Structure formats: structure tokens, C-alpha cells
file entry.pdb (PDB, C-alpha atoms)
ATOM      1  CA  MET A  63     -54.497 -51.588   7.414  1.00  0.00           C
ATOM      2  CA  GLN A  64     -56.220 -48.209   7.464  1.00  0.00           C
ATOM      3  CA  LEU A  65     -56.478 -46.266  10.729  1.00  0.00           C
ATOM      4  CA  ASN A  66     -59.820 -44.789  11.717  1.00  0.00           C
ATOM      5  CA  VAL A  67     -59.335 -41.305  13.188  1.00  0.00           C
ATOM      6  CA  ARG A  68     -62.263 -40.802  15.530  1.00  0.00           C
ATOM      7  CA  ARG A  69     -61.394 -37.308  16.770  1.00  0.00           C
ATOM      8  CA  THR A  70     -58.771 -34.614  16.404  1.00  0.00           C
ATOM      9  CA  ILE A  71     -57.858 -32.034  19.027  1.00  0.00           C
ATOM     10  CA  VAL A  72     -55.581 -29.057  18.351  1.00  0.00           C
ATOM     11  CA  THR A  73     -54.161 -26.884  21.131  1.00  0.00           C
ATOM     12  CA  VAL A  74     -52.346 -23.603  20.432  1.00  0.00           C
ATOM     13  CA  GLU A  75     -50.457 -21.663  23.080  1.00  0.00           C
ATOM     14  CA  ASP A  76     -48.642 -18.350  22.570  1.00  0.00           C
ATOM     15  CA  ARG A  77     -46.085 -17.500  25.247  1.00  0.00           C
ATOM     16  CA  ASN A  78     -45.438 -13.779  25.454  1.00  0.00           C
ATOM     17  CA  GLU A  79     -43.847 -13.337  28.862  1.00  0.00           C
ATOM     18  CA  ALA A  80     -41.943 -15.316  31.481  1.00  0.00           C
ATOM     19  CA  GLU A  81     -40.252 -14.362  34.753  1.00  0.00           C
ATOM     20  CA  GLY A  82     -41.660 -10.858  34.417  1.00  0.00           C
ATOM     21  CA  ARG A  83     -39.880 -10.296  31.099  1.00  0.00           C
ATOM     22  CA  LYS A  84     -41.702  -9.764  27.815  1.00  0.00           C
ATOM     23  CA  ALA A  85     -40.455 -11.848  24.904  1.00  0.00           C
ATOM     24  CA  ALA A  86     -38.987 -10.140  21.858  1.00  0.00           C
ATOM     25  CA  ALA A  87     -41.239 -12.467  19.853  1.00  0.00           C
ATOM     26  CA  PRO A  88     -43.883 -14.854  21.189  1.00  0.00           C
ATOM     27  CA  VAL A  89     -43.205 -18.576  21.152  1.00  0.00           C
ATOM     28  CA  ARG A  90     -46.072 -20.565  19.700  1.00  0.00           C
ATOM     29  CA  LYS A  91     -46.538 -24.122  20.905  1.00  0.00           C
ATOM     30  CA  VAL A  92     -48.921 -26.496  19.153  1.00  0.00           C
ATOM     31  CA  ALA A  93     -50.183 -29.937  20.135  1.00  0.00           C
ATOM     32  CA  VAL A  94     -52.173 -32.062  17.702  1.00  0.00           C
ATOM     33  CA  VAL A  95     -53.918 -35.130  19.114  1.00  0.00           C
ATOM     34  CA  ALA A  96     -55.414 -37.763  16.832  1.00  0.00           C
ATOM     35  CA  ILE A  97     -57.626 -40.252  18.653  1.00  0.00           C
ATOM     36  CA  VAL A  98     -57.525 -43.396  16.540  1.00  0.00           C
ATOM     37  CA  GLU A  99     -59.334 -46.692  16.858  1.00  0.00           C
ATOM     38  CA  ASN A 100     -56.845 -49.334  17.972  1.00  0.00           C
ATOM     39  CA  PRO A 101     -57.238 -52.259  15.528  1.00  0.00           C
ATOM     40  CA  LEU A 102     -55.299 -54.499  17.953  1.00  0.00           C
ATOM     41  CA  ALA A 103     -57.306 -53.667  21.090  1.00  0.00           C
ATOM     42  CA  GLY A 104     -58.371 -56.739  23.004  1.00  0.00           C
ATOM     43  CA  LYS A 105     -56.441 -59.139  20.780  1.00  0.00           C
ATOM     44  CA  GLY A 106     -53.651 -59.994  23.203  1.00  0.00           C
ATOM     45  CA  TYR A 107     -50.050 -60.249  22.081  1.00  0.00           C
ATOM     46  CA  VAL A 108     -49.552 -59.646  18.343  1.00  0.00           C
ATOM     47  CA  ASP A 109     -46.027 -60.336  17.105  1.00  0.00           C
ATOM     48  CA  ASP A 110     -46.097 -58.446  13.796  1.00  0.00           C
ATOM     49  CA  LEU A 111     -46.732 -54.711  14.204  1.00  0.00           C
ATOM     50  CA  LYS A 112     -45.616 -53.810  10.666  1.00  0.00           C
ATOM     51  CA  PRO A 113     -49.224 -53.105   9.547  1.00  0.00           C
ATOM     52  CA  LEU A 114     -49.514 -50.422  12.256  1.00  0.00           C
ATOM     53  CA  ILE A 115     -46.182 -48.919  11.225  1.00  0.00           C
ATOM     54  CA  ALA A 116     -47.249 -48.830   7.565  1.00  0.00           C
ATOM     55  CA  ALA A 117     -50.616 -47.263   8.449  1.00  0.00           C
ATOM     56  CA  SER A 118     -48.892 -44.568  10.507  1.00  0.00           C
ATOM     57  CA  VAL A 119     -47.519 -42.870   7.377  1.00  0.00           C
ATOM     58  CA  ASP A 120     -50.971 -41.518   6.457  1.00  0.00           C
ATOM     59  CA  LEU A 121     -51.556 -40.600  10.099  1.00  0.00           C
ATOM     60  CA  GLY A 122     -48.320 -38.589  10.089  1.00  0.00           C
ATOM     61  CA  ALA A 123     -49.437 -36.690   6.992  1.00  0.00           C
ATOM     62  CA  PHE A 124     -52.854 -36.066   8.564  1.00  0.00           C
ATOM     63  CA  ILE A 125     -51.306 -34.679  11.762  1.00  0.00           C
ATOM     64  CA  ALA A 126     -48.689 -32.686   9.821  1.00  0.00           C
ATOM     65  CA  ALA A 127     -51.340 -30.716   7.934  1.00  0.00           C
ATOM     66  CA  ARG A 128     -53.111 -29.737  11.144  1.00  0.00           C
ATOM     67  CA  ALA A 129     -49.889 -28.904  12.993  1.00  0.00           C
ATOM     68  CA  VAL A 130     -48.568 -26.641  10.236  1.00  0.00           C
ATOM     69  CA  GLU A 131     -51.949 -24.909   9.974  1.00  0.00           C
ATOM     70  CA  ALA A 132     -51.989 -24.307  13.741  1.00  0.00           C
ATOM     71  CA  LEU A 133     -48.412 -23.023  13.734  1.00  0.00           C
ATOM     72  CA  GLY A 134     -49.593 -20.352  11.300  1.00  0.00           C
ATOM     73  CA  PRO A 135     -46.928 -17.855  10.229  1.00  0.00           C
ATOM     74  CA  HIS A 136     -44.380 -19.289  12.675  1.00  0.00           C
ATOM     75  CA  LYS A 137     -41.609 -21.665  11.647  1.00  0.00           C
ATOM     76  CA  ALA A 138     -41.089 -24.850  13.634  1.00  0.00           C
ATOM     77  CA  GLN A 139     -37.879 -25.010  15.664  1.00  0.00           C
ATOM     78  CA  SER A 140     -38.662 -27.916  17.972  1.00  0.00           C
ATOM     79  CA  TYR A 141     -40.827 -30.994  18.160  1.00  0.00           C
ATOM     80  CA  GLY A 142     -41.895 -33.966  20.239  1.00  0.00           C
ATOM     81  CA  LYS A 143     -44.290 -36.904  20.088  1.00  0.00           C
ATOM     82  CA  ALA A 144     -46.246 -39.116  22.438  1.00  0.00           C
ATOM     83  CA  GLY A 145     -48.942 -41.749  22.603  1.00  0.00           C
ATOM     84  CA  ILE A 146     -51.459 -42.918  25.168  1.00  0.00           C
ATOM     85  CA  VAL A 147     -52.908 -46.375  24.606  1.00  0.00           C
ATOM     86  CA  GLY A 148     -56.353 -47.198  25.981  1.00  0.00           C
ATOM     87  CA  LEU A 149     -56.622 -49.985  28.547  1.00  0.00           C
ATOM     88  CA  ALA A 150     -57.515 -52.708  26.017  1.00  0.00           C
ATOM     89  CA  GLY A 151     -54.202 -52.222  24.193  1.00  0.00           C
ATOM     90  CA  TYR A 152     -50.488 -52.317  24.873  1.00  0.00           C
ATOM     91  CA  GLN A 153     -47.764 -49.663  25.014  1.00  0.00           C
ATOM     92  CA  GLU A 154     -46.071 -51.133  21.949  1.00  0.00           C
ATOM     93  CA  HIS A 155     -49.144 -50.217  19.880  1.00  0.00           C
ATOM     94  CA  ALA A 156     -48.368 -46.511  20.377  1.00  0.00           C
ATOM     95  CA  ASN A 157     -44.669 -47.065  19.701  1.00  0.00           C
ATOM     96  CA  ALA A 158     -45.525 -48.747  16.394  1.00  0.00           C
ATOM     97  CA  LEU A 159     -47.534 -45.661  15.428  1.00  0.00           C
ATOM     98  CA  LEU A 160     -44.691 -43.253  16.321  1.00  0.00           C
ATOM     99  CA  THR A 161     -41.726 -44.583  14.316  1.00  0.00           C
ATOM    100  CA  THR A 162     -39.798 -42.751  11.610  1.00  0.00           C
ATOM    101  CA  ALA A 163     -42.469 -43.843   9.110  1.00  0.00           C
ATOM    102  CA  PHE A 164     -44.975 -41.676  11.022  1.00  0.00           C
ATOM    103  CA  ALA A 165     -42.552 -38.799  11.617  1.00  0.00           C
ATOM    104  CA  ASN A 166     -41.155 -38.338   8.118  1.00  0.00           C
ATOM    105  CA  PRO A 167     -44.329 -36.738   6.653  1.00  0.00           C
ATOM    106  CA  ILE A 168     -44.189 -34.239   9.522  1.00  0.00           C
ATOM    107  CA  ARG A 169     -40.505 -33.526   8.900  1.00  0.00           C
ATOM    108  CA  ASP A 170     -41.343 -32.959   5.222  1.00  0.00           C
ATOM    109  CA  ALA A 171     -44.178 -30.563   6.126  1.00  0.00           C
ATOM    110  CA  ILE A 172     -42.010 -28.415   8.415  1.00  0.00           C
ATOM    111  CA  GLY A 173     -39.028 -28.258   6.070  1.00  0.00           C
ATOM    112  CA  GLY A 174     -36.842 -30.947   7.604  1.00  0.00           C
ATOM    113  CA  GLY A 175     -35.694 -32.151  10.966  1.00  0.00           C
ATOM    114  CA  ASP A 176     -32.281 -33.733  11.398  1.00  0.00           C
ATOM    115  CA  ALA A 177     -32.595 -34.567  15.088  1.00  0.00           C
ATOM    116  CA  TRP A 178     -34.327 -37.546  16.618  1.00  0.00           C
ATOM    117  CA  ILE A 179     -37.722 -36.757  18.076  1.00  0.00           C
ATOM    118  CA  SER A 180     -38.202 -37.074  21.825  1.00  0.00           C
ATOM    119  CA  SER A 181     -41.009 -39.480  22.649  1.00  0.00           C
ATOM    120  CA  MET A 182     -43.140 -40.790  25.511  1.00  0.00           C
ATOM    121  CA  THR A 183     -45.771 -43.542  25.498  1.00  0.00           C
ATOM    122  CA  LYS A 184     -47.899 -45.288  28.096  1.00  0.00           C
ATOM    123  CA  VAL A 185     -51.093 -47.248  28.674  1.00  0.00           C
ATOM    124  CA  ALA A 186     -53.644 -45.280  30.668  1.00  0.00           C
ATOM    125  CA  ALA A 187     -57.285 -44.602  31.424  1.00  0.00           C
ATOM    126  CA  PRO A 188     -59.207 -41.720  29.852  1.00  0.00           C
ATOM    127  CA  GLY A 189     -58.174 -38.325  31.182  1.00  0.00           C
ATOM    128  CA  THR A 190     -54.582 -39.266  31.989  1.00  0.00           C
ATOM    129  CA  MET A 191     -52.080 -36.467  31.404  1.00  0.00           C
ATOM    130  CA  ILE A 192     -48.906 -37.062  29.437  1.00  0.00           C
ATOM    131  CA  ASP A 193     -45.867 -34.796  29.272  1.00  0.00           C
ATOM    132  CA  VAL A 194     -44.623 -34.644  25.692  1.00  0.00           C
ATOM    133  CA  PRO A 195     -40.853 -34.004  25.679  1.00  0.00           C
ATOM    134  CA  MET A 196     -39.538 -31.646  23.018  1.00  0.00           C
ATOM    135  CA  ASN A 197     -36.117 -30.816  21.573  1.00  0.00           C
ATOM    136  CA  HIS A 198     -34.650 -28.763  18.718  1.00  0.00           C
ATOM    137  CA  LYS A 199     -35.616 -30.263  15.369  1.00  0.00           C
ATOM    138  CA  ASP A 200     -32.109 -30.155  13.906  1.00  0.00           C
ATOM    139  CA  ASP A 201     -29.768 -30.748  16.849  1.00  0.00           C
ATOM    140  CA  VAL A 202     -30.541 -32.299  20.223  1.00  0.00           C
ATOM    141  CA  TYR A 203     -27.706 -30.324  21.841  1.00  0.00           C
ATOM    142  CA  VAL A 204     -29.578 -27.005  21.667  1.00  0.00           C
ATOM    143  CA  ARG A 205     -30.357 -26.804  25.394  1.00  0.00           C
ATOM    144  CA  SER A 206     -32.683 -23.805  25.090  1.00  0.00           C
ATOM    145  CA  HIS A 207     -35.180 -26.044  23.283  1.00  0.00           C
ATOM    146  CA  TYR A 208     -35.422 -28.775  25.938  1.00  0.00           C
ATOM    147  CA  ASP A 209     -39.070 -28.259  26.779  1.00  0.00           C
ATOM    148  CA  GLY A 210     -42.420 -29.969  26.500  1.00  0.00           C
ATOM    149  CA  MET A 211     -46.166 -29.749  26.570  1.00  0.00           C
ATOM    150  CA  SER A 212     -48.572 -31.373  28.989  1.00  0.00           C
ATOM    151  CA  VAL A 213     -51.537 -32.857  27.151  1.00  0.00           C
ATOM    152  CA  VAL A 214     -54.731 -34.399  28.490  1.00  0.00           C
ATOM    153  CA  VAL A 215     -57.816 -35.675  26.702  1.00  0.00           C
ATOM    154  CA  PRO A 216     -60.550 -35.627  29.385  1.00  0.00           C
ATOM    155  CA  ASP A 217     -62.578 -38.466  27.873  1.00  0.00           C
ATOM    156  CA  GLY A 218     -59.897 -40.344  25.989  1.00  0.00           C
ATOM    157  CA  PRO A 219     -58.421 -42.546  25.000  1.00  0.00           C
ATOM    158  CA  GLN A 220     -61.207 -45.048  25.443  1.00  0.00           C
ATOM    159  CA  PRO A 221     -60.081 -48.674  25.984  1.00  0.00           C
ATOM    160  CA  ASP A 222     -60.095 -49.410  22.236  1.00  0.00           C
ATOM    161  CA  GLU A 223     -58.300 -46.192  21.217  1.00  0.00           C
ATOM    162  CA  VAL A 224     -54.822 -44.707  20.975  1.00  0.00           C
ATOM    163  CA  ALA A 225     -54.167 -40.988  21.369  1.00  0.00           C
ATOM    164  CA  ILE A 226     -51.276 -40.027  19.091  1.00  0.00           C
ATOM    165  CA  ILE A 227     -49.795 -36.626  19.880  1.00  0.00           C
ATOM    166  CA  PHE A 228     -47.342 -34.419  18.007  1.00  0.00           C
ATOM    167  CA  CYS A 229     -46.082 -31.075  19.298  1.00  0.00           C
ATOM    168  CA  LEU A 230     -44.292 -28.227  17.555  1.00  0.00           C
ATOM    169  CA  ALA A 231     -42.843 -24.985  18.906  1.00  0.00           C
ATOM    170  CA  SER A 232     -41.557 -21.886  17.145  1.00  0.00           C
ATOM    171  CA  GLY A 233     -38.745 -21.368  19.653  1.00  0.00           C
ATOM    172  CA  GLY A 234     -37.128 -22.513  22.820  1.00  0.00           C
ATOM    173  CA  ARG A 235     -37.911 -21.652  26.421  1.00  0.00           C
ATOM    174  CA  LEU A 236     -38.358 -17.956  27.083  1.00  0.00           C
ATOM    175  CA  ASN A 237     -35.333 -16.567  28.949  1.00  0.00           C
ATOM    176  CA  ALA A 238     -33.302 -19.764  28.410  1.00  0.00           C
ATOM    177  CA  ARG A 239     -29.825 -19.096  29.775  1.00  0.00           C
ATOM    178  CA  VAL A 240     -27.975 -22.314  30.517  1.00  0.00           C
ATOM    179  CA  GLY A 241     -25.525 -22.052  27.621  1.00  0.00           C
ATOM    180  CA  GLY A 242     -24.755 -24.557  24.927  1.00  0.00           C
ATOM    181  CA  MET A 243     -25.322 -24.448  21.202  1.00  0.00           C
ATOM    182  CA  THR A 244     -27.885 -21.929  19.933  1.00  0.00           C
ATOM    183  CA  HIS A 245     -30.578 -22.147  17.298  1.00  0.00           C
ATOM    184  CA  ASP A 246     -28.731 -19.529  15.225  1.00  0.00           C
ATOM    185  CA  GLU A 247     -25.533 -21.613  15.300  1.00  0.00           C
ATOM    186  CA  VAL A 248     -27.430 -24.649  14.017  1.00  0.00           C
ATOM    187  CA  GLU A 249     -29.008 -22.574  11.239  1.00  0.00           C
ATOM    188  CA  ALA A 250     -25.586 -21.166  10.242  1.00  0.00           C
ATOM    189  CA  ARG A 251     -24.084 -24.680  10.172  1.00  0.00           C
ATOM    190  CA  LYS A 252     -26.932 -25.929   7.967  1.00  0.00           C
ATOM    191  CA  ALA A 253     -26.577 -22.951   5.600  1.00  0.00           C
ATOM    192  CA  LYS A 254     -22.822 -23.545   5.286  1.00  0.00           C
ATOM    193  CA  ALA A 255     -23.346 -27.255   4.608  1.00  0.00           C
ATOM    194  CA  SER A 256     -25.876 -26.566   1.855  1.00  0.00           C
ATOM    195  CA  ALA A 257     -23.731 -23.832   0.198  1.00  0.00           C
TER     196      ALA A 257
END

call {"tool": "encode", "arguments": {"input": "entry.pdb", "output": "C-alpha cells"}}
result
Amino acid sequence: MQLNVRRTIVTVEDRNEAEGRKAAAPVRKVAVVAIVENPLAGKGYVDDLKPLIAASVDLGAFIAARAVEALGPHKAQSYGKAGIVGLAGYQEHANALLTTAFANPIRDAIGGGDAWISSMTKVAAPGTMIDVPMNHKDDVYVRSHYDGMSVVVPDGPQPDEVAIIFCLASGGRLNARVGGMTHDEVEARKAKASA
């Protein structure tokens, strides 16, 4: 099975200030949305979703290239994924497109990612917003990186489409101060393990 990408949307946000305090360095957040034709739309229950999972590998590589380009000179510290299925499909169609098979090309493109990737999927009409949860790419216990992006495609997904979304951020929340493990501690642990 080959997925037909009908449209791609890339959103870039640079956060420079929060709570009246300027950031030492801006945090860049990127959302890449691939609107794909749903090959299972309108077909009712389909037991074997392995063809969707297999096809998602190329989709992951496609999204990875756009996400890394949008991140620019920044290095990814956190990530998240989501999917909105058009009304002629089922939620499990998005989940099949968001497994590890899809995510591994993105992990490869950003230089790794040891942590699981937060995810959200739903079936919805065009223009429905989805909140994409995000966490640190190497350790889910880095509280400063519990964040997200709200994404909406005004005219999608159409009933026979799936919107597949991947988000990256170059840092955690500005002014995060609830304790816990830090990004620097995770980096030091990784450096020690690879030494």
C-alpha cells in the first residue's frame, strides 16, 4: 500500500517571552501536518491494518524531512504526534499510521529519541482542533517538557482523509519551575552511557 499525501501544512512558532520574562533563548515549536487519502475510508471494519502500518514508514520519513527543515538551526528536545480521521474512517486508522514504524524515521532524523511519544487520535469533521501532547524525547520524567501544540486544519480532514501530525520543540515550557529531572541531566546521563 502506498499513501497518497494530498497536502502538507507546516507551522512554526518561536516563543521569546512568557509571564513578562524574556527567554534566554527562544523555543521553537514546529507542527507538520500531512493530509493523506484514507485507503480504508468507507470500507467498514477491516481486521488487518498491517498495510497501513507498513505504509506509514515512508510517511514518517516524509514528515521528518519537513519537520527538521522547519526546526532550522534548533535541536529537537521534545516531540508529540496526533491524528484526525475524517468521518468516513475510524480512529484505529490514525493509530495504525502512528506506530513505532512511523516514528522511527523521525527519531533517526532528529538524532534519536529514547522516550515514548505522546499521542492523541480522534475521528472528527473538518476544522476540528486537536491538542497534540508533547514530552521530552529522551525521558518522559522531564516535567519542564510536558507541553503541546493545538493544531487545526480549517478544511480538513475531509471524510476520506486522515490528518497525521508530528510536533517538535527545541525546549520545554518557558519559565518551567515545578522541579524534577532536567534536560541537562538527561544529556549528561546519555553522554556518560555512551562514554

call {"tool": "residues_around", "arguments": {"input": "entry.pdb", "residues": "Ala238 (chain A)", "least_positions_apart": "2", "cutoff": "6 Å", "atoms": "all atoms listed in the file", "output": "ChimeraX atom specification"}}
result
/A:206,235-236

call {"tool": "resolve_selection", "arguments": {"input": "entry.pdb", "expression": "the PyMOL selection byres ((chain A and resi 190-197) around 9)", "output": "ChimeraX atom specification"}}
result
/A:139-146,177-184,186-189,198-216,218-219,227-231,234

call {"tool": "atom_distance", "arguments": {"input": "entry.pdb", "atom1": "CA of Tyr152 (chain A)", "atom2": "CA of Val119 (chain A)"}}
result
20.1 Å

call {"tool": "atom_distance", "arguments": {"input": "entry.pdb", "atom1": "CA of Val94 (chain A)", "atom2": "CA of Ala132 (chain A)"}}
result
8.7 Å

call {"tool": "resolve_selection", "arguments": {"input": "entry.pdb", "expression": "the PyMOL selection byres ((chain A and resi 71) around 9)", "output": "list in words"}}
result
Arg69, Thr70, Val72, Thr73, Ala93, Val94, Val95, Ala96, Ile97 and Val215 of chain A

call {"tool": "residues_around", "arguments": {"input": "entry.pdb", "residues": "region 98-102 of chain A", "least_positions_apart": "3", "cutoff": "10 Å", "atoms": "all atoms listed in the file", "output": "ChimeraX atom specification"}}
result
/A:63-70,95,105-108,111,114,121,147-148,150-152,155-156,219-226

call {"tool": "residues_around", "arguments": {"input": "entry.pdb", "residues": "region 161-165 of chain A", "least_positions_apart": "2", "cutoff": "7 Å", "atoms": "only C-alpha atoms", "output": "PyMOL selection string"}}
result
chain A and resi 115+118-119+121-122+157-159+167-169

call {"tool": "write_last_selection", "arguments": {"input": "entry.pdb", "atoms": "C-alpha atoms", "output": "compact mmCIF listing (two decimals), in the coordinates of the input"}}
result
# COMPACT_ATOMS: atom_id res chain seq x y z
CA ILE A 115 -46.18 -48.92 11.22
CA SER A 118 -48.89 -44.57 10.51
CA VAL A 119 -47.52 -42.87 7.38
CA LEU A 121 -51.56 -40.60 10.10
CA GLY A 122 -48.32 -38.59 10.09
CA ASN A 157 -44.67 -47.06 19.70
CA ALA A 158 -45.52 -48.75 16.39
CA LEU A 159 -47.53 -45.66 15.43
CA PRO A 167 -44.33 -36.74 6.65
CA ILE A 168 -44.19 -34.24 9.52
CA ARG A 169 -40.51 -33.53 8.90

call {"tool": "closest_residue", "arguments": {"input": "entry.pdb", "among": "A:Ala116, A:Gly174, A:Ala138, A:Gly233", "to": "Ala87 (chain A)", "atoms": "all atoms listed in the file"}}
result
A:Gly233

call {"tool": "atom_distance", "arguments": {"input": "entry.pdb", "atom1": "CA of Ala255 (chain A)", "atom2": "CA of His136 (chain A)"}}
result
23.9 Å

call {"tool": "closest_residue", "arguments": {"input": "entry.pdb", "among": "A:Lys252, A:Glu154, A:Val240, A:Ala171", "to": "Asp109 (chain A)", "atoms": "all atoms listed in the file"}}
result
A:Glu154

call {"tool": "resolve_selection", "arguments": {"input": "entry.pdb", "expression": "the PyMOL selection byres ((chain A and resi 134) around 12)", "output": "list in words"}}
result
Val74, Glu75, Asp76, Val89, Arg90, Lys91, Val92, Ala127, Arg128, Ala129, Val130, Glu131, Ala132, Leu133, Pro135, His136, Lys137, Ala138, Ile172, Leu230, Ala231 and Ser232 of chain A

call {"tool": "axis_aligned_box", "arguments": {"input": "entry.pdb", "around": "region 104-114 of chain A", "padding_each_side": "3 Å", "output": "AutoDock Vina command-line options"}}
result
--center_x -52.0 --center_y -55.4 --center_z 16.4 --size_x 18.8 --size_y 15.9 --size_z 19.7

call {"tool": "build_atoms", "arguments": {"input": "entry.pdb", "residues": "region 241-250 of chain A", "atoms": "all heavy atoms", "output": "PDB file, in the frame of the given file"}}
result
ATOM      1  N   GLY A 241     -26.655 -21.862  28.525  1.00  0.00           N
ATOM      2  CA  GLY A 241     -25.525 -22.052  27.621  1.00  0.00           C
ATOM      3  C   GLY A 241     -25.771 -23.131  26.582  1.00  0.00           C
ATOM      4  O   GLY A 241     -26.879 -23.584  26.359  1.00  0.00           O
ATOM      5  N   GLY A 242     -24.679 -23.541  25.968  1.00  0.00           N
ATOM      6  CA  GLY A 242     -24.755 -24.557  24.927  1.00  0.00           C
ATOM      7  C   GLY A 242     -24.967 -23.965  23.546  1.00  0.00           C
ATOM      8  O   GLY A 242     -25.006 -22.745  23.361  1.00  0.00           O
ATOM      9  N   MET A 243     -25.106 -24.845  22.586  1.00  0.00           N
ATOM     10  CA  MET A 243     -25.322 -24.448  21.202  1.00  0.00           C
ATOM     11  C   MET A 243     -26.633 -23.668  21.072  1.00  0.00           C
ATOM     12  O   MET A 243     -27.583 -23.928  21.799  1.00  0.00           O
ATOM     13  CB  MET A 243     -25.364 -25.709  20.341  1.00  0.00           C
ATOM     14  CG  MET A 243     -25.417 -25.457  18.858  1.00  0.00           C
ATOM     15  SD  MET A 243     -25.518 -27.019  17.928  1.00  0.00           S
ATOM     16  CE  MET A 243     -24.074 -27.864  18.532  1.00  0.00           C
ATOM     17  N   THR A 244     -26.673 -22.729  20.137  1.00  0.00           N
ATOM     18  CA  THR A 244     -27.885 -21.929  19.933  1.00  0.00           C
ATOM     19  C   THR A 244     -28.577 -22.324  18.627  1.00  0.00           C
ATOM     20  O   THR A 244     -27.964 -22.943  17.737  1.00  0.00           O
ATOM     21  CB  THR A 244     -27.562 -20.422  19.869  1.00  0.00           C
ATOM     22  OG1 THR A 244     -26.805 -20.168  18.667  1.00  0.00           O
ATOM     23  CG2 THR A 244     -26.785 -19.970  21.100  1.00  0.00           C
ATOM     24  N   HIS A 245     -29.822 -21.934  18.525  1.00  0.00           N
ATOM     25  CA  HIS A 245     -30.578 -22.147  17.298  1.00  0.00           C
ATOM     26  C   HIS A 245     -29.875 -21.480  16.121  1.00  0.00           C
ATOM     27  O   HIS A 245     -29.752 -22.078  15.032  1.00  0.00           O
ATOM     28  CB  HIS A 245     -32.001 -21.595  17.461  1.00  0.00           C
ATOM     29  CG  HIS A 245     -32.764 -21.532  16.179  1.00  0.00           C
ATOM     30  ND1 HIS A 245     -33.251 -22.643  15.534  1.00  0.00           N
ATOM     31  CD2 HIS A 245     -33.084 -20.467  15.387  1.00  0.00           C
ATOM     32  CE1 HIS A 245     -33.859 -22.283  14.411  1.00  0.00           C
ATOM     33  NE2 HIS A 245     -33.774 -20.974  14.306  1.00  0.00           N
ATOM     34  N   ASP A 246     -29.402 -20.252  16.314  1.00  0.00           N
ATOM     35  CA  ASP A 246     -28.731 -19.529  15.225  1.00  0.00           C
ATOM     36  C   ASP A 246     -27.468 -20.252  14.756  1.00  0.00           C
ATOM     37  O   ASP A 246     -27.160 -20.263  13.559  1.00  0.00           O
ATOM     38  CB  ASP A 246     -28.400 -18.101  15.656  1.00  0.00           C
ATOM     39  CG  ASP A 246     -29.646 -17.242  15.814  1.00  0.00           C
ATOM     40  OD1 ASP A 246     -30.701 -17.596  15.240  1.00  0.00           O
ATOM     41  OD2 ASP A 246     -29.571 -16.206  16.515  1.00  0.00           O
ATOM     42  N   GLU A 247     -26.734 -20.855  15.684  1.00  0.00           N
ATOM     43  CA  GLU A 247     -25.533 -21.613  15.300  1.00  0.00           C
ATOM     44  C   GLU A 247     -25.900 -22.831  14.453  1.00  0.00           C
ATOM     45  O   GLU A 247     -25.217 -23.152  13.483  1.00  0.00           O
ATOM     46  CB  GLU A 247     -24.758 -22.039  16.548  1.00  0.00           C
ATOM     47  CG  GLU A 247     -24.060 -20.888  17.243  1.00  0.00           C
ATOM     48  CD  GLU A 247     -23.487 -21.251  18.603  1.00  0.00           C
ATOM     49  OE1 GLU A 247     -23.925 -22.263  19.197  1.00  0.00           O
ATOM     50  OE2 GLU A 247     -22.602 -20.517  19.070  1.00  0.00           O
ATOM     51  N   VAL A 248     -26.980 -23.491  14.801  1.00  0.00           N
ATOM     52  CA  VAL A 248     -27.430 -24.649  14.017  1.00  0.00           C
ATOM     53  C   VAL A 248     -27.846 -24.199  12.619  1.00  0.00           C
ATOM     54  O   VAL A 248     -27.503 -24.836  11.620  1.00  0.00           O
ATOM     55  CB  VAL A 248     -28.597 -25.379  14.729  1.00  0.00           C
ATOM     56  CG1 VAL A 248     -29.186 -26.461  13.840  1.00  0.00           C
ATOM     57  CG2 VAL A 248     -28.118 -25.974  16.039  1.00  0.00           C
ATOM     58  N   GLU A 249     -28.581 -23.094  12.543  1.00  0.00           N
ATOM     59  CA  GLU A 249     -29.008 -22.574  11.239  1.00  0.00           C
ATOM     60  C   GLU A 249     -27.804 -22.198  10.379  1.00  0.00           C
ATOM     61  O   GLU A 249     -27.781 -22.479   9.179  1.00  0.00           O
ATOM     62  CB  GLU A 249     -29.927 -21.362  11.430  1.00  0.00           C
ATOM     63  CG  GLU A 249     -31.290 -21.715  11.993  1.00  0.00           C
ATOM     64  CD  GLU A 249     -32.128 -22.523  11.028  1.00  0.00           C
ATOM     65  OE1 GLU A 249     -32.433 -22.025   9.935  1.00  0.00           O
ATOM     66  OE2 GLU A 249     -32.461 -23.679  11.356  1.00  0.00           O
ATOM     67  N   ALA A 250     -26.786 -21.557  10.992  1.00  0.00           N
ATOM     68  CA  ALA A 250     -25.586 -21.166  10.242  1.00  0.00           C
ATOM     69  C   ALA A 250     -24.841 -22.399   9.742  1.00  0.00           C
ATOM     70  O   ALA A 250     -24.357 -22.432   8.592  1.00  0.00           O
ATOM     71  CB  ALA A 250     -24.676 -20.316  11.121  1.00  0.00           C
TER      72      ALA A 250
END
